[in-house]
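> Here you go, entry_31.txt (compact mmCIF, C-alpha atoms):
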```txt
# COMPACT_ATOMS: atom_id res chain seq x y z
CA MET A 228 -106.63 131.48 -179.29
CA ASN A 229 -107.39 128.50 -181.42
CA THR A 230 -111.04 127.66 -180.81
CA GLU A 231 -111.24 124.71 -183.26
CA SER A 232 -112.30 121.53 -181.52
CA GLN A 233 -109.70 118.81 -181.28
CA PRO A 234 -110.64 115.13 -181.79
CA THR A 235 -111.07 113.30 -178.52
CA GLU A 236 -110.27 109.68 -177.80
CA ASP A 237 -114.00 108.88 -177.91
CA ASP A 238 -114.30 110.50 -181.37
CA ALA A 239 -111.37 108.46 -182.68
CA ALA A 240 -112.84 105.29 -181.29
CA ALA A 241 -116.31 105.92 -182.71
CA PRO A 242 -115.61 104.83 -186.33
CA SER A 243 -113.95 101.61 -185.23
CA ALA A 244 -116.88 100.85 -182.95
CA TYR A 245 -119.29 101.48 -185.84
CA GLU A 246 -117.26 99.27 -188.16
CA ALA A 247 -117.18 96.55 -185.53
CA ALA A 248 -120.94 96.73 -185.21
CA GLN A 249 -121.30 96.53 -188.99
CA ASP A 250 -118.96 93.55 -189.15
CA GLN A 251 -120.92 91.83 -186.41
CA THR A 252 -124.19 92.47 -188.23
CA ARG A 253 -122.66 91.21 -191.47
CA ALA A 254 -121.39 88.04 -189.80
CA GLU A 255 -124.83 87.29 -188.39
CA THR A 256 -126.41 87.90 -191.82
CA VAL A 257 -123.87 85.54 -193.39
CA ARG A 258 -124.79 82.80 -190.91
CA ARG A 259 -128.45 83.26 -191.76
CA LEU A 260 -127.72 83.19 -195.46
CA GLU A 261 -125.63 80.03 -195.15
CA ARG A 262 -128.47 78.28 -193.39
CA SER A 263 -130.87 79.37 -196.15
CA MET A 264 -128.76 78.73 -199.26
CA GLY A 265 -130.41 75.46 -200.19
CA VAL A 266 -133.88 76.84 -199.56
CA LEU A 267 -133.16 79.95 -201.64
CA GLY A 268 -131.87 77.92 -204.57
CA THR A 269 -134.89 75.61 -204.51
CA ALA A 270 -137.27 78.56 -204.16
CA ALA A 271 -135.63 80.24 -207.18
CA VAL A 272 -136.07 77.14 -209.35
CA ASN A 273 -139.69 76.74 -208.21
CA ARG A 274 -140.38 80.39 -209.00
CA MET A 275 -138.85 79.93 -212.48
CA GLU A 276 -141.14 76.97 -213.11
CA GLU A 277 -144.11 79.11 -212.12
CA ARG A 278 -143.24 82.25 -214.07
CA LEU A 279 -141.10 81.17 -217.05
CA GLY A 280 -142.86 79.07 -219.67
CA TRP A 281 -139.67 78.45 -221.64
CA PHE A 282 -138.07 76.99 -218.48
CA ARG A 283 -140.87 74.46 -218.11
CA ARG A 284 -140.42 73.37 -221.73
CA MET A 285 -136.69 72.67 -221.33
CA SER A 286 -135.22 69.20 -220.94
CA ALA A 287 -134.71 67.85 -217.45
CA GLN A 288 -130.94 68.01 -217.94
CA ASP A 289 -130.97 71.69 -218.89
CA ARG A 290 -133.29 72.53 -216.00
CA SER A 291 -130.93 70.77 -213.62
CA TRP A 292 -127.99 72.79 -214.99
CA ILE A 293 -129.91 76.01 -214.53
CA GLY A 294 -130.77 74.97 -210.97
CA LEU A 295 -127.07 74.41 -210.36
CA VAL A 296 -126.28 77.87 -211.74
CA ALA A 297 -128.87 79.38 -209.39
CA GLN A 298 -127.41 77.52 -206.39
CA SER A 299 -123.90 78.56 -207.38
CA GLY A 300 -125.02 82.16 -207.71
CA VAL A 301 -126.45 82.20 -204.21
CA ALA A 302 -123.36 80.46 -202.77
CA ALA A 303 -121.01 82.87 -204.58
CA PHE A 304 -122.99 85.84 -203.25
CA VAL A 305 -122.76 84.59 -199.69
CA ASP A 306 -119.02 84.01 -200.01
CA TRP A 307 -118.49 87.48 -201.48
CA PHE A 308 -120.75 89.13 -198.87
CA ARG A 309 -118.70 87.47 -196.12
CA ASN A 310 -115.51 89.18 -197.36
CA PRO A 311 -116.43 92.66 -198.65
CA GLY A 312 -112.77 93.66 -198.97
CA ARG A 313 -112.24 91.25 -201.86
CA GLY A 314 -113.47 93.79 -204.41
CA ARG A 315 -115.45 92.74 -207.46
CA PRO A 316 -116.81 89.18 -207.40
CA ALA A 317 -115.53 86.72 -210.02
CA ILE A 318 -118.98 85.95 -211.39
CA THR A 319 -117.96 84.31 -214.64
CA VAL A 320 -115.90 81.60 -212.95
CA GLU A 321 -117.87 81.13 -209.73
CA VAL A 322 -121.35 81.12 -211.22
CA PHE A 323 -121.33 80.41 -214.96
CA GLY A 324 -118.30 78.14 -214.71
CA THR A 325 -120.53 75.45 -213.20
CA ALA A 326 -122.59 75.04 -216.38
CA PRO A 327 -121.44 73.47 -219.65
CA ARG A 328 -120.66 75.80 -222.54
CA GLU A 329 -123.44 74.21 -224.57
CA LEU A 330 -126.00 75.72 -222.19
CA THR A 331 -125.56 79.11 -223.89
CA ARG A 332 -127.12 77.53 -226.99
CA SER A 333 -130.17 76.35 -225.01
CA VAL A 334 -130.68 79.56 -223.04
CA SER A 335 -130.75 82.96 -224.72
CA LEU A 336 -129.39 86.15 -223.17
CA GLN A 337 -132.96 87.41 -222.63
CA GLN A 338 -133.84 84.18 -220.83
CA THR A 339 -130.74 84.57 -218.66
CA VAL A 340 -131.91 88.05 -217.70
CA ASP A 341 -135.31 86.58 -216.79
CA MET A 342 -133.61 83.99 -214.58
CA ILE A 343 -131.51 86.60 -212.81
CA ARG A 344 -134.60 88.71 -212.19
CA VAL A 345 -136.41 85.73 -210.63
CA VAL A 346 -133.48 84.90 -208.33
CA ILE A 347 -133.23 88.55 -207.23
CA ASP A 348 -136.97 88.67 -206.54
CA VAL A 349 -136.74 85.52 -204.41
CA VAL A 350 -133.87 86.87 -202.32
CA GLU A 351 -135.34 90.37 -202.03
CA SER A 352 -138.66 88.98 -200.84
CA GLN A 353 -136.87 87.39 -197.88
CA VAL A 354 -134.46 90.19 -196.94
CA GLU A 355 -136.27 90.84 -193.66
CA GLU A 356 -135.85 87.21 -192.60
CA LEU A 357 -132.34 86.77 -194.03
CA ALA A 358 -130.70 89.93 -192.70
CA ALA A 359 -129.63 90.31 -189.08
CA PRO A 360 -131.51 93.04 -187.16
CA GLY A 361 -130.31 96.37 -188.55
CA GLY A 362 -128.59 94.73 -191.53
CA GLU A 363 -131.41 94.99 -194.05
CA GLN A 364 -129.97 98.02 -195.86
CA GLN A 365 -126.50 96.49 -195.86
CA LEU A 366 -127.83 93.31 -197.50
CA ARG A 367 -129.88 95.22 -200.09
CA GLU A 368 -126.92 97.36 -201.12
CA ALA A 369 -124.73 94.28 -201.45
CA MET A 370 -127.37 92.58 -203.58
CA LEU A 371 -127.58 95.57 -205.90
CA ARG A 372 -123.85 95.59 -206.42
CA TYR A 373 -123.68 91.82 -206.87
CA THR A 374 -126.56 91.63 -209.36
CA ARG A 375 -124.95 94.42 -211.38
CA GLU A 376 -121.84 92.28 -211.67
CA VAL A 377 -123.98 89.26 -212.61
CA ALA A 378 -125.59 91.28 -215.39
CA PHE A 379 -122.22 92.41 -216.77
CA SER A 380 -120.82 88.90 -216.54
CA SER A 381 -123.88 87.46 -218.31
CA ALA A 382 -123.35 89.86 -221.17
CA LYS A 383 -119.66 88.92 -221.29
CA VAL A 384 -120.43 85.18 -221.39
CA TYR A 385 -122.90 85.58 -224.23
CA ALA A 386 -120.69 88.01 -226.10
CA ARG A 387 -117.83 85.51 -226.03
CA ALA A 388 -120.14 82.69 -227.05
CA ALA A 389 -121.55 84.77 -229.91
CA GLU A 390 -118.07 85.76 -231.03
CA ALA A 391 -116.88 82.15 -231.01
CA ARG A 392 -120.07 80.95 -232.69
CA GLY A 393 -119.82 83.70 -235.30
CA ALA A 394 -116.25 82.73 -236.15
CA TRP A 395 -117.20 79.06 -236.31
CA ASP A 396 -120.29 79.79 -238.43
CA ALA A 397 -118.21 81.87 -240.87
CA ARG A 398 -115.69 79.03 -241.27
CA LEU A 399 -118.46 76.46 -241.70
CA GLU A 400 -120.24 78.67 -244.24
CA ALA A 401 -117.04 79.05 -246.26
CA LEU A 402 -116.49 75.27 -246.12
CA ILE A 403 -120.03 74.52 -247.36
CA VAL A 404 -119.88 77.11 -250.14
CA ASP A 405 -116.51 75.79 -251.30
CA ALA A 406 -117.77 72.19 -251.27
CA LEU A 407 -120.87 73.13 -253.27
CA LEU A 408 -118.91 75.15 -255.79
CA HIS A 409 -116.41 72.39 -256.48
CA GLY A 410 -119.05 69.65 -256.63
CA ASP A 411 -117.71 67.72 -253.65
CA GLN A 412 -120.07 64.96 -252.56
CA VAL A 413 -119.98 65.62 -248.84
CA GLU A 414 -122.17 63.27 -246.81
CA GLY A 415 -122.29 65.69 -243.88
CA LEU A 416 -123.58 68.60 -245.94
CA GLN A 417 -127.10 68.47 -244.55
CA THR A 418 -125.72 68.08 -241.02
CA TRP A 419 -123.49 71.12 -241.50
CA GLY A 420 -126.47 73.06 -242.75
CA SER A 421 -128.52 72.02 -239.73
CA ALA A 422 -125.73 73.22 -237.45
CA LEU A 423 -126.22 76.66 -239.03
CA GLY A 424 -129.99 76.48 -238.56
CA TRP A 425 -130.66 75.67 -242.23
CA SER A 426 -134.21 74.46 -242.77
CA HIS A 427 -135.79 76.22 -245.77
CA THR A 428 -136.27 74.87 -249.27
CA PRO A 429 -136.26 75.38 -252.22
CA VAL A 430 -132.76 76.78 -252.69
CA ILE A 431 -131.19 79.25 -255.12
CA ALA A 432 -127.69 80.67 -255.55
CA VAL A 433 -126.74 84.24 -256.42
CA ALA A 434 -123.32 85.53 -257.53
CA GLY A 435 -122.03 89.07 -257.99
CA ASP A 436 -119.05 91.35 -257.43
CA VAL A 437 -117.95 92.54 -254.00
CA GLY A 438 -117.62 96.19 -255.04
CA GLU A 439 -114.96 98.78 -254.37
CA ASP A 440 -113.39 98.72 -250.89
CA ALA A 441 -116.39 96.89 -249.48
CA GLY A 442 -114.45 94.31 -247.48
CA GLY A 443 -116.77 92.14 -245.41
CA LYS A 444 -119.57 94.72 -245.46
CA VAL A 445 -121.27 93.19 -248.50
CA LEU A 446 -121.43 89.79 -246.80
CA ASP A 447 -122.81 91.28 -243.58
CA ASP A 448 -125.40 93.32 -245.48
CA LEU A 449 -126.47 90.31 -247.57
CA ARG A 450 -126.81 88.07 -244.52
CA SER A 451 -128.82 90.67 -242.63
CA ALA A 452 -131.13 91.42 -245.56
CA ALA A 453 -131.67 87.73 -246.32
CA ARG A 454 -132.55 86.95 -242.70
CA ARG A 455 -134.96 89.89 -242.55
CA LEU A 456 -136.70 88.34 -245.55
CA GLY A 457 -136.95 85.05 -243.69
CA TYR A 458 -134.35 83.21 -245.80
CA ASP A 459 -131.72 80.76 -244.69
CA VAL A 460 -128.42 82.04 -246.03
CA LEU A 461 -124.84 80.92 -246.65
CA ALA A 462 -122.44 83.48 -248.05
CA GLY A 463 -118.78 83.67 -248.95
CA THR A 464 -116.25 85.62 -250.99
CA GLN A 465 -113.75 84.33 -253.52
CA GLY A 466 -111.48 87.17 -254.51
CA ARG A 467 -113.77 89.89 -255.83
CA ARG A 468 -116.68 87.50 -256.22
CA VAL A 469 -119.52 87.15 -253.71
CA VAL A 470 -121.61 83.98 -253.72
CA VAL A 471 -124.79 83.50 -251.71
CA VAL A 472 -126.88 80.36 -251.26
CA ILE A 473 -130.44 81.06 -250.11
CA GLY A 474 -133.10 78.80 -248.64
CA VAL A 475 -136.24 80.62 -249.74
CA GLY A 476 -139.08 78.74 -248.06
CA ASP A 477 -142.66 79.33 -249.20
CA ARG A 478 -142.47 83.12 -249.47
CA TYR A 479 -142.95 83.13 -253.27
CA PRO A 480 -144.97 81.01 -255.72
CA VAL A 481 -142.84 78.45 -257.53
CA ASP A 482 -143.44 80.09 -260.91
CA GLU A 483 -141.90 83.37 -259.63
CA LEU A 484 -138.67 81.72 -258.53
CA PRO A 485 -135.79 82.27 -258.63
CA LEU A 486 -135.85 85.94 -259.71
CA ALA A 487 -138.43 87.10 -257.16
CA ALA A 488 -136.26 85.83 -254.30
CA ALA A 489 -133.05 87.34 -255.63
CA GLU A 490 -134.30 90.79 -256.64
CA PRO A 491 -134.44 92.25 -253.07
CA LEU A 492 -130.75 91.36 -252.62
CA ALA A 493 -129.38 92.47 -256.00
CA GLY A 494 -128.75 96.06 -254.93
CA LEU A 495 -126.44 94.97 -252.11
CA PHE A 496 -123.81 93.58 -254.48
CA GLY A 497 -121.14 95.75 -256.04
CA ASP A 498 -121.37 97.20 -259.54
CA GLY A 499 -121.64 94.78 -262.43
CA PRO A 500 -123.85 91.79 -263.19
CA VAL A 501 -125.71 89.78 -260.57
CA VAL A 502 -126.45 86.23 -261.74
CA VAL A 503 -129.10 83.92 -260.26
CA GLY A 504 -128.77 80.16 -260.49
CA PRO A 505 -131.74 77.86 -261.10
CA THR A 506 -134.04 76.73 -258.28
CA VAL A 507 -133.09 73.38 -256.73
CA PRO A 508 -134.98 71.30 -254.15
CA ASP A 509 -132.55 71.34 -251.22
CA LEU A 510 -129.10 72.27 -249.94
CA HIS A 511 -127.55 69.04 -251.17
CA ALA A 512 -128.48 69.97 -254.75
CA ALA A 513 -127.40 73.60 -254.37
CA GLY A 514 -124.04 72.97 -256.02
CA SER A 515 -125.56 72.93 -259.50
CA SER A 516 -127.29 76.27 -258.90
CA LEU A 517 -124.14 77.80 -257.44
CA ARG A 518 -121.90 76.63 -260.27
CA ALA A 519 -124.37 77.94 -262.84
CA ALA A 520 -124.46 81.35 -261.13
CA VAL A 521 -120.67 81.60 -260.97
CA SER A 522 -120.31 80.47 -264.59
CA GLY A 523 -122.87 83.07 -265.58
CA LEU A 524 -121.00 85.77 -263.67
CA ARG A 525 -117.77 84.93 -265.53
CA SER A 526 -119.44 85.05 -268.93
CA ALA A 527 -121.90 87.93 -268.37
CA VAL A 528 -119.35 90.38 -269.77
CA ALA A 529 -120.30 89.06 -273.22
CA TRP A 530 -123.85 90.39 -272.76
CA PRO A 531 -123.44 94.03 -271.68
CA ASP A 532 -127.19 94.72 -271.81
CA ALA A 533 -128.14 91.82 -269.55
CA PRO A 534 -130.72 92.70 -266.89
CA ARG A 535 -129.70 92.87 -263.23
CA PRO A 536 -130.26 90.36 -261.79
CA VAL A 537 -130.09 87.95 -264.71
CA LEU A 538 -130.84 84.25 -264.72
CA ALA A 539 -127.92 81.92 -265.30
CA ASP A 540 -130.16 80.07 -267.78
CA ASP A 541 -130.51 83.28 -269.79
CA LEU A 542 -126.72 83.30 -270.18
CA LEU A 543 -126.47 79.80 -271.64
CA PRO A 544 -124.92 80.92 -274.95
CA GLU A 545 -122.26 83.03 -273.24
CA ARG A 546 -121.54 80.27 -270.76
CA ALA A 547 -121.25 77.74 -273.59
CA LEU A 548 -118.80 79.98 -275.45
CA GLU A 549 -116.83 80.37 -272.20
CA GLY A 550 -116.46 76.59 -272.05
CA ASP A 551 -119.20 75.59 -269.61
CA ALA A 552 -119.98 71.95 -270.52
CA GLU A 553 -123.25 71.99 -268.56
CA ALA A 554 -124.46 75.05 -270.49
CA ARG A 555 -123.64 73.32 -273.78
CA ARG A 556 -125.51 70.20 -272.72
CA GLN A 557 -128.48 72.27 -271.59
CA LEU A 558 -128.69 74.17 -274.89
CA VAL A 559 -128.56 70.96 -276.89
CA THR A 560 -131.12 69.22 -274.67
CA GLU A 561 -133.57 72.10 -274.29
CA VAL A 562 -133.31 73.74 -277.73
CA PHE A 563 -131.71 71.57 -280.41
CA LEU A 564 -133.16 68.15 -279.57
CA PRO A 565 -136.81 69.34 -279.43
CA LEU A 566 -136.34 70.92 -282.88
CA ARG A 567 -134.75 67.81 -284.32
CA SER A 568 -137.46 65.60 -282.83
CA ALA A 569 -140.13 67.82 -284.43
CA GLY A 570 -138.78 67.00 -287.90
CA SER A 571 -136.36 68.46 -290.42
CA PRO A 572 -138.67 71.22 -291.75
CA LEU A 573 -138.35 73.20 -288.51
CA LEU A 574 -134.56 72.92 -288.35
CA ASP A 575 -134.22 73.70 -292.06
CA THR A 576 -136.54 76.68 -291.79
CA LEU A 577 -134.67 78.05 -288.76
CA SER A 578 -131.27 77.65 -290.44
CA VAL A 579 -132.37 79.39 -293.62
CA TYR A 580 -134.17 82.12 -291.68
CA LEU A 581 -131.08 82.90 -289.59
CA GLU A 582 -128.78 82.81 -292.64
CA HIS A 583 -130.96 85.27 -294.53
CA ALA A 584 -130.98 88.00 -291.87
CA SER A 585 -134.37 86.95 -290.46
CA SER A 586 -136.13 87.77 -293.73
CA LEU A 587 -139.49 86.03 -294.00
CA GLU A 588 -139.80 86.47 -297.74
CA ALA A 589 -136.22 85.37 -298.51
CA THR A 590 -136.71 82.26 -296.36
CA ALA A 591 -139.96 81.40 -298.14
CA ARG A 592 -138.30 81.76 -301.57
CA MET A 593 -135.35 79.58 -300.58
CA LEU A 594 -137.63 76.84 -299.21
CA PHE A 595 -140.24 77.15 -302.01
CA VAL A 596 -143.04 77.58 -299.48
CA HIS A 597 -145.60 80.26 -298.72
CA PRO A 598 -144.55 82.99 -296.22
CA ASN A 599 -147.44 81.89 -293.97
CA THR A 600 -145.83 78.47 -293.77
CA VAL A 601 -142.62 80.09 -292.60
CA ARG A 602 -144.58 82.10 -290.04
CA TYR A 603 -146.21 78.95 -288.73
CA ARG A 604 -142.91 77.10 -288.47
CA LEU A 605 -141.27 80.03 -286.66
CA SER A 606 -144.20 80.08 -284.25
CA ARG A 607 -143.71 76.35 -283.59
CA ILE A 608 -140.00 76.93 -282.98
CA SER A 609 -140.86 79.57 -280.37
CA GLU A 610 -143.31 77.19 -278.66
CA LEU A 611 -140.82 74.32 -278.56
CA THR A 612 -137.77 76.27 -277.40
CA GLY A 613 -139.07 79.36 -275.63
CA HIS A 614 -136.95 81.57 -277.92
CA ILE A 615 -138.34 83.80 -280.68
CA PRO A 616 -136.31 83.58 -283.92
CA SER A 617 -137.19 87.15 -284.96
CA ASP A 618 -135.92 88.57 -281.66
CA GLY A 619 -132.25 89.56 -281.56
CA ARG A 620 -131.50 87.72 -278.35
CA GLY A 621 -133.66 84.76 -279.32
CA SER A 622 -131.96 84.33 -282.69
CA PHE A 623 -128.55 84.40 -280.98
CA VAL A 624 -129.55 81.66 -278.52
CA LEU A 625 -131.04 79.53 -281.29
CA ARG A 626 -128.00 79.93 -283.53
CA ILE A 627 -125.61 78.83 -280.78
CA ALA A 628 -127.86 75.92 -279.77
CA VAL A 629 -128.17 74.60 -283.33
CA ALA A 630 -124.44 74.88 -283.90
CA LEU A 631 -123.70 72.99 -280.66
CA GLY A 632 -126.31 70.36 -281.48
CA ARG A 633 -124.81 69.66 -284.89
CA LEU A 634 -121.32 69.49 -283.42
CA SER A 635 -122.51 67.00 -280.81
CA GLU A 636 -124.11 64.85 -283.51
CA THR A 637 -120.85 64.88 -285.45
CA ARG A 638 -118.91 63.72 -282.39
CA GLU A 639 -121.41 60.99 -281.63
CA GLY A 640 -121.71 59.80 -285.23
```
Starting from the coordinates I provided, produce the structure as structure tokens.

Amino acid sequence: MNTESQPTEDDAAAPSAYEAAQDQTRAETVRRLERSMGVLGTAAVNRMEERLGWFRRMSAQDRSWIGLVAQSGVAAFVDWFRNPGRGRPAITVEVFGTAPRELTRSVSLQQTVDMIRVVIDVVESQVEELAAPGGEQQLREAMLRYTREVAFSSAKVYARAAEARGAWDARLEALIVDALLHGDQVEGLQTWGSALGWSHTPVIAVAGDVGEDAGGKVLDDLRSAARRLGYDVLAGTQGRRVVVVIGVGDRYPVDELPLAAAEPLAGLFGDGPVVVGPTVPDLHAAGSSLRAAVSGLRSAVAWPDAPRPVLADDLLPERALEGDAEARRQLVTEVFLPLRSAGSPLLDTLSVYLEHASSLEATARMLFVHPNTVRYRLSRISELTGHIPSDGRGSFVLRIAVALGRLSETREG
């Protein structure tokens, strides 16, 4: 005999009766929620003003938008709670769609989480009054599910905004770097920089190679490292070349710039030279630093023993030989003209000294002076130009500068 119990009509009817009771409880809770929507939204905004300092500091317009988002969130929850068979709520459209896209720039993701927490606390604190008798657990479970969806949707909104902003920032960075490099006089340069959060001065430029199979990793690493150091940064690639413009701020004494600011970043470039442009006062003047760094990078191959990083100003002779007109002008202005202004004995002594293999005695014999006189004149040359004639590198710089200076005088005369 089969002794298993068979379902009775009462057993079959029991689930439907339970579901009907649940639906009735839900409907009553919905009516209570609908009557309280305005109060809940206002209470949420008031609680945010009490607990969130950043909310109190916002503009009235932004606070009103946030209040609208809170109201929309409550209304969307009530509508979703009324129809549980609809599945997942469309949070992004129903809640965040009420606010302008620009609000994501005024409110951070962390602040959004704070807002959501406040709204949840307000609703949870009134569950006993809002839910129909016996519907408290039903309302709490619905709130948990709904707030989970709000959290996911918040992350999605900010992820999309960050993705779009990142793409826009990358394009704007490339545009600024290109304008600086080509010497374009763009009136909106400072405005573009402000849009990227640029505020620090003075400014330097650094150029190096991208490295083997590095792709965009070098740029990402340079941006991250520069921001950890507290710099403003613009970066871009041009073929195998990486150029970076840095707003340094007051992290280093002026007499240590620009090398001190560039040294922490030098190891992130690929193999080969890393060239640092001169310090300039602001972003608008950064083009001269950037062009000097790029010119130095092109010509650094002529100085295999150059330090890394190396100043673009230390590569003036190589840049001049490469055809850099600014480097030629700088050598003439900073080296040749001070020597010429000091009188012919210094220039004559330097020329003879360089022609006679840096021999002190041979120079003295050719000029019919005492060797101590030659020593004195060489010391004066070092003081005036910053380059030591007896040093291999110094003699090379001086030789190129004097040759360029005499050529320029020939052209002018």
> In Å, how far is it from atom CA of A:Pro360 to atom CA of A:Val272?
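That distance, rounded to one decimal, is 27.7 Å.
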> Grab the atom CA of A:Asp551 to atom CA of A:Val445 distance for me, in Å with one decimal place.
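Calculated distance between atom CA of A:Asp551 and atom CA of A:Val445 is 27.6 Å.
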> So what do you get for atom CA of A:Leu542 versus atom CA of A:Leu495, distance-wise?
21.5 Å
> For A:Thr506, which residue out of A:Ser263, A:Thr560, A:Ser568, A:Thr428 is the nearest one, using all atoms listed in the file?
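For A:Thr506, the nearest of the candidates is A:Thr428.
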> Show me the residues close to (-137.5, 78.7, -279.1) - anything with an atom within 9 Å, counting all atoms listed in the file - and format the list as a count of residues only.
18
> Between A:Arg344, A:Arg455, A:Arg518, A:Arg259, which has the minimum distance to A:Glu356 (counting only C-alpha atoms)?
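Of all the options, A:Arg259 lies closest to A:Glu356.
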> Which neighbours of A:Tyr458 fall inside 7 Å, counting all atoms listed in the file, when residues of the same chain fewer than 6 positions from it are skipped, and could you give them as a list in words?
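These residues fall inside the cut-off: Ile473, Gly474, Val475 and Gly476 of chain A.
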> Rank nothing, just name the residue among A:Pro544, A:Pro598, A:Gly499, A:Pro505 nearest to A:Glu483, using only C-alpha atoms.
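Of A:Pro544, A:Pro598, A:Gly499, A:Pro505, the one nearest A:Glu483 is A:Pro505, counting only C-alpha atoms.
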> Which one of A:Ala584, A:Ala254, A:Leu558, A:Val334 sits closest to A:Ala358 if you count all atoms listed in the file?
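For A:Ala358, the nearest of the candidates is A:Ala254.
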